[in-house]
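Worksheet: the structure to be examined is printed underneath.
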Amino acid sequence: MIIRPPQKTDQLLQLEVMQERYLDVPPNISESFGRELAGYLGEKSLPYFIDLITTTSHYDLYGLRLERNNHHFQIDCLILFPSFFLITEIKHLKGKLFINEAHQLIQSKESEEKVYQHPLSQAKLQKEQLKKVLEDLGFESIPIYTLVIFTHDQANITFEHPDMIPVQQLPFRLGELTQEFSDPRLERNQLLQLGKRLVSMHRERPLTFLQPTGEVLRNIRRGVFCPKCKPLVMKWTHGTWKCSKCGYKDKNAHILALIDFVFMFGYTINNRQARWFLLLDSIYTASRILRTLKVESYGGNKNKTYNLRFLLNSYKGRA
Ligand SMILES: [Zn+2]
């Protein structure tokens, strides 16, 4: 049973917005986007292969990010079996993959080489940290095992290691591990309780927002996108947003645009910023639109600031 499904991180949602909103996407943004997306795709491909083995009950948690002593660590997928816990480090990398003499993982593709930390030592570090978290919660004696899973179908793995395997081998390896650890130490309801407890301890990585410098602001696509013709924008006429190309109308279309604004510039907006971003001329229209959001606001008439965090949370709830 999946207690925490694979899901897009706030960073990935933010980078998706930036891919759409930048006129000219800066290389570091494209690169981070590729990395975050790969992480998400890797996690998403795992449940199918885990479901192929149904011998024992287990509880699965994806993308869990925990804190201990002001240090954060993230586990791509944690599986709680009654007899042991499994940490999997997921690598969604394509191309030729090998381990060099200094025990680093090397990815070679399109005549370019990238160096990564040895994924098994990465997973072992997570194991040490998880052990301490579990001790704090009163779970001391349960064995923790680590696996590295390669999920990309274009991964050419040049080494053989029982604990660093392509995802297709995962069902067999899980079968072996459940045989190896056959002493149940926890009841199903204890596992479920622990799983829920760990989910409640998840801490999302905080977002970093753009600094609104002239250079950045000039490079941003403003306006309320028509969902059908984007990046074409709609115009506010007679109390609704209307696309001049396809005729689509939606009086709440600014909400998605404001969520884009939040992902780029932060959680608050004032009238001037709203006019700038939504391409509105009138102070009154902007003020009316902001008021209808029914979100928390502070400050007097002229510099009233609206807190859009609630919009973001309800958006993420749907995503
Ligand atoms: Zn349209």
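Residue numbers start at 1 in each chain; chains themselves are named A, B, ... in the order of the structure tokens; ligands are numbered from 1 in the order shown.
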Go through chain A residue by residue and, counting only C-alpha atoms and all ligand atoms, keep those with an atom at most 7 Å from ligand 1; for each kept residue give the shortest atom pair and its distance in Å to one decimal, ordered by chain and increasing number, as a Markdown table.
```
| residue | atom | partner | partner_atom_place_in_ligand_line | distance |
| --- | --- | --- | --- | --- |
| A:Cys226 | CA | ligand 1 | 1 (Zn) | 4.8 |
| A:Pro227 | CA | ligand 1 | 1 (Zn) | 6.6 |
| A:Lys228 | CA | ligand 1 | 1 (Zn) | 4.9 |
| A:Cys229 | CA | ligand 1 | 1 (Zn) | 4.3 |
| A:Leu232 | CA | ligand 1 | 1 (Zn) | 7.0 |
| A:Cys243 | CA | ligand 1 | 1 (Zn) | 4.6 |
| A:Ser244 | CA | ligand 1 | 1 (Zn) | 6.7 |
| A:Lys245 | CA | ligand 1 | 1 (Zn) | 5.2 |
| A:Cys246 | CA | ligand 1 | 1 (Zn) | 4.1 |
| A:Gly247 | CA | ligand 1 | 1 (Zn) | 6.1 |
| A:Tyr248 | CA | ligand 1 | 1 (Zn) | 5.5 |
```
Those of range 80-222 of chain A in DSSP alpha helix (DSSP H), formatted as number ranges by chain = A: 119-136, 170-180, 188-200, 214-218
When DSSP works through the backbone of this structure, what residues of range 65-274 of chain A end up as strand (DSSP E or B), shown as an MDAnalysis selection string?
-> chainID A and resid 65:68 71:80 85:91 95:99 105:109 112:116 144:150 155:157 161 164:166 220 224:225 233:237 240:242 249:250 268:270
State, in Å with one decimal place, the distance from CA of Val17 in chain A to CA of Lys109 in chain A.
->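 Atom-to-atom, CA of Val17 in chain A and CA of Lys109 in chain A are spaced 27.7 Å apart.
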Which value, in Å to one decimal, gives the distance between CA of Gln193 in chain A and CA of Ile53 in chain A?
->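 Rounded to one decimal, the two atoms are 22.7 Å apart.
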Neighbours of range 306-308 of chain A within 6 Å (only C-alpha atoms; same-chain residues fewer than 4 positions away dropped), as a ChimeraX atom specification?
-> /A:267-269,296-297
